[in-house]
Amino acid sequence: MKNALIELQCEMVAERTYVNPNNLSWLQYDILHFINLHKNILPSKLSIELGVARSKLSKALKQLKLLGYIQQVPSDHDGRELITSLTQGGVEFLLNIYNNHKSIYKLAKEIFSEEEQKEFTRLAKILSSKLRNERIKNNG
């Protein structure tokens with residue numbers, strides 16, 4: 001199982017690199033993806049969820065703003081907090097990447113039976129959730 005997980009991770013890294021037209025860093029891509037899932041979010045929450053130091057996150061957010069992928073506006077509750085969201089450019093960038101990732105989905109649907117697809121989805125969600133929870137617990 002260990003080798004299977006390593007091989008899957010390598011293939012996913014290769015696929016992610018292949019469909020990344022602007023050569024964003026892994027952190028920048030993860031930031032965009034997480035913002036897309038949660039819409040308006042504070043950098044402090046991003047830092048915890050992604051398990052990255054605030055200084056490193058701040059640098060990545062600055063680069064994403066320069067690229068026009070995110071915007072930040074002061075919070076209504078506390079002007080020192082910046083609500084971070086995707087711009088239309090950020091939405092379009094992710095949509096392009098998600099469309100390119102459809103090939104993985106299509107391949108999985110071709111090679112796995114319906115029952116195997118459900119089992120793969122169930123197991124992947126369990127593993128992803130556990131990995132995320134452990135990272136947040138250790139970094140939060």
# chains A, B, ... in the order shown; residues from 1 in each chain; ligands from 1

$ residues_around --residues "segment 124-132 of chain A" --least-positions-apart "5" --cutoff "9 Å" --atoms "only C-alpha atoms" --output "NGL selection string"
:A and (49-51 or 119 or 137)

$ select_by_dssp --residues "chain A" --states "strand (DSSP E)" --output "VMD selection string"
chain A and resid 70 to 74 82 to 86

$ residues_around --residues "His33 of chain A" --least-positions-apart "4" --cutoff "10 Å" --atoms "only C-alpha atoms" --output "count of residues only"
11

$ atom_distance --atom1 "atom CA of Ile111 of chain A" --atom2 "atom CA of Val19 of chain A"
21.8 Å

$ closest_residue --among "A:Tyr18, A:Pro43, A:Leu8, A:Arg122" --to "Gln71 of chain A" --atoms "only C-alpha atoms"
A:Pro43

$ closest_residue --among "A:Leu66, A:Leu42, A:Ala4, A:Cys10" --to "Arg54 of chain A" --atoms "only C-alpha atoms"
A:Leu42

$ select_by_dssp --residues "segment 26-119 of chain A" --states "helix (DSSP H, G or I)" --output "number ranges by chain"
A: 26-38, 43-50, 54-66, 88-111, 114-119

$ residues_around --residues "Ser58 of chain A" --least-positions-apart "5" --cutoff "12 Å" --atoms "only C-alpha atoms" --output "list in words"
Leu27, Gln28, Ile31, Leu42, Pro43, Ser44, Leu46, Ser47, Val52, Ala53, Gln63, Leu64, Lys65, Gln72, Leu82 and Thr84 of chain A

$ write_last_selection --atoms "N, CA, C and O atoms" --output "PDB file, in the first residue's frame"
ATOM      1  N   LEU A  27       1.768  26.063  -3.207  1.00  0.00           N
ATOM      2  CA  LEU A  27       1.062  26.839  -2.201  1.00  0.00           C
ATOM      3  C   LEU A  27       0.078  27.798  -2.850  1.00  0.00           C
ATOM      4  O   LEU A  27      -1.068  27.907  -2.404  1.00  0.00           O
ATOM      5  N   GLN A  28       0.488  28.483  -3.905  1.00  0.00           N
ATOM      6  CA  GLN A  28      -0.411  29.418  -4.570  1.00  0.00           C
ATOM      7  C   GLN A  28      -1.631  28.696  -5.139  1.00  0.00           C
ATOM      8  O   GLN A  28      -2.757  29.169  -5.009  1.00  0.00           O
ATOM      9  N   ILE A  31      -3.899  27.736  -2.275  1.00  0.00           N
ATOM     10  CA  ILE A  31      -4.609  28.918  -1.773  1.00  0.00           C
ATOM     11  C   ILE A  31      -5.814  29.210  -2.654  1.00  0.00           C
ATOM     12  O   ILE A  31      -6.928  29.399  -2.159  1.00  0.00           O
ATOM     13  N   LEU A  42     -10.470  34.652   5.738  1.00  0.00           N
ATOM     14  CA  LEU A  42      -9.391  35.423   6.351  1.00  0.00           C
ATOM     15  C   LEU A  42      -8.058  34.700   6.178  1.00  0.00           C
ATOM     16  O   LEU A  42      -8.003  33.461   6.240  1.00  0.00           O
ATOM     17  N   PRO A  43      -6.957  35.442   5.991  1.00  0.00           N
ATOM     18  CA  PRO A  43      -5.642  34.801   5.887  1.00  0.00           C
ATOM     19  C   PRO A  43      -5.304  33.940   7.105  1.00  0.00           C
ATOM     20  O   PRO A  43      -4.654  32.901   6.954  1.00  0.00           O
ATOM     21  N   SER A  44      -5.745  34.334   8.289  1.00  0.00           N
ATOM     22  CA  SER A  44      -5.456  33.527   9.479  1.00  0.00           C
ATOM     23  C   SER A  44      -6.059  32.127   9.350  1.00  0.00           C
ATOM     24  O   SER A  44      -5.438  31.140   9.722  1.00  0.00           O
ATOM     25  N   LEU A  46      -6.763  30.640   6.418  1.00  0.00           N
ATOM     26  CA  LEU A  46      -5.988  29.986   5.360  1.00  0.00           C
ATOM     27  C   LEU A  46      -4.697  29.404   5.918  1.00  0.00           C
ATOM     28  O   LEU A  46      -4.320  28.283   5.590  1.00  0.00           O
ATOM     29  N   SER A  47      -4.031  30.156   6.766  1.00  0.00           N
ATOM     30  CA  SER A  47      -2.770  29.723   7.360  1.00  0.00           C
ATOM     31  C   SER A  47      -2.961  28.419   8.129  1.00  0.00           C
ATOM     32  O   SER A  47      -2.175  27.479   7.990  1.00  0.00           O
ATOM     33  N   VAL A  52       0.552  26.496   6.909  1.00  0.00           N
ATOM     34  CA  VAL A  52       1.688  27.301   6.457  1.00  0.00           C
ATOM     35  C   VAL A  52       1.826  28.530   7.348  1.00  0.00           C
ATOM     36  O   VAL A  52       0.832  29.063   7.850  1.00  0.00           O
ATOM     37  N   ALA A  53       3.060  28.956   7.562  1.00  0.00           N
ATOM     38  CA  ALA A  53       3.323  30.129   8.398  1.00  0.00           C
ATOM     39  C   ALA A  53       2.695  31.373   7.771  1.00  0.00           C
ATOM     40  O   ALA A  53       2.636  31.494   6.544  1.00  0.00           O
ATOM     41  N   GLN A  63       1.732  37.759  -4.208  1.00  0.00           N
ATOM     42  CA  GLN A  63       2.000  37.365  -5.596  1.00  0.00           C
ATOM     43  C   GLN A  63       0.695  37.086  -6.348  1.00  0.00           C
ATOM     44  O   GLN A  63       0.553  37.457  -7.515  1.00  0.00           O
ATOM     45  N   LEU A  64      -0.256  36.449  -5.666  1.00  0.00           N
ATOM     46  CA  LEU A  64      -1.542  36.160  -6.301  1.00  0.00           C
ATOM     47  C   LEU A  64      -2.320  37.441  -6.592  1.00  0.00           C
ATOM     48  O   LEU A  64      -3.031  37.534  -7.597  1.00  0.00           O
ATOM     49  N   LYS A  65      -2.188  38.434  -5.712  1.00  0.00           N
ATOM     50  CA  LYS A  65      -2.818  39.736  -5.966  1.00  0.00           C
ATOM     51  C   LYS A  65      -2.186  40.397  -7.184  1.00  0.00           C
ATOM     52  O   LYS A  65      -2.893  40.955  -8.028  1.00  0.00           O
ATOM     53  N   GLN A  72      -8.367  41.465  -1.809  1.00  0.00           N
ATOM     54  CA  GLN A  72      -8.521  41.515  -0.359  1.00  0.00           C
ATOM     55  C   GLN A  72      -9.138  42.851   0.018  1.00  0.00           C
ATOM     56  O   GLN A  72      -8.700  43.902  -0.461  1.00  0.00           O
ATOM     57  N   LEU A  82      -8.290  41.154   6.625  1.00  0.00           N
ATOM     58  CA  LEU A  82      -8.556  41.244   5.197  1.00  0.00           C
ATOM     59  C   LEU A  82      -9.340  40.023   4.723  1.00  0.00           C
ATOM     60  O   LEU A  82      -8.871  38.886   4.871  1.00  0.00           O
ATOM     61  N   THR A  84     -10.341  37.692   1.965  1.00  0.00           N
ATOM     62  CA  THR A  84      -9.692  37.303   0.717  1.00  0.00           C
ATOM     63  C   THR A  84     -10.675  36.521  -0.145  1.00  0.00           C
ATOM     64  O   THR A  84     -11.344  35.606   0.343  1.00  0.00           O
TER      65      THR A  84
END

$ closest_residue --among "A:Met1, A:Ile35, A:Ile136, A:Met12" --to "Tyr69 of chain A" --atoms "only C-alpha atoms"
A:Ile35

$ closest_residue --among "A:Ser25, A:Ile6, A:Gly68, A:Asn40" --to "Glu92 of chain A" --atoms "only C-alpha atoms"
A:Gly68

$ decode --residues "segment 18-40 of chain A" --atoms "C-alpha atoms" --output "JSON list (two decimals), in the first residue's frame"
[["chain", "number", "residue", "atom", "x", "y", "z"],
["A", 18, "TYR", "CA", 1.20, 19.54, -16.51],
["A", 19, "VAL", "CA", -2.03, 21.57, -16.31],
["A", 20, "ASN", "CA", -0.50, 24.57, -14.50],
["A", 21, "PRO", "CA", -0.01, 27.07, -17.35],
["A", 22, "ASN", "CA", 1.37, 29.91, -15.22],
["A", 23, "ASN", "CA", 3.71, 27.78, -13.14],
["A", 24, "LEU", "CA", 2.10, 28.79, -9.87],
["A", 25, "SER", "CA", 3.68, 27.30, -6.80],
["A", 26, "TRP", "CA", 1.93, 24.47, -5.03],
["A", 27, "LEU", "CA", 1.06, 26.84, -2.20],
["A", 28, "GLN", "CA", -0.41, 29.42, -4.57],
["A", 29, "TYR", "CA", -2.52, 26.77, -6.29],
["A", 30, "ASP", "CA", -3.70, 25.41, -2.93],
["A", 31, "ILE", "CA", -4.61, 28.92, -1.77],
["A", 32, "LEU", "CA", -6.72, 29.52, -4.88],
["A", 33, "HIS", "CA", -8.41, 26.14, -4.58],
["A", 34, "PHE", "CA", -9.19, 26.66, -0.88],
["A", 35, "ILE", "CA", -10.56, 30.17, -1.48],
["A", 36, "ASN", "CA", -12.70, 28.77, -4.26],
["A", 37, "LEU", "CA", -14.18, 26.22, -1.86],
["A", 38, "HIS", "CA", -14.82, 28.68, 0.96],
["A", 39, "LYS", "CA", -15.32, 31.94, -1.00],
["A", 40, "ASN", "CA", -14.47, 34.82, 1.40]]
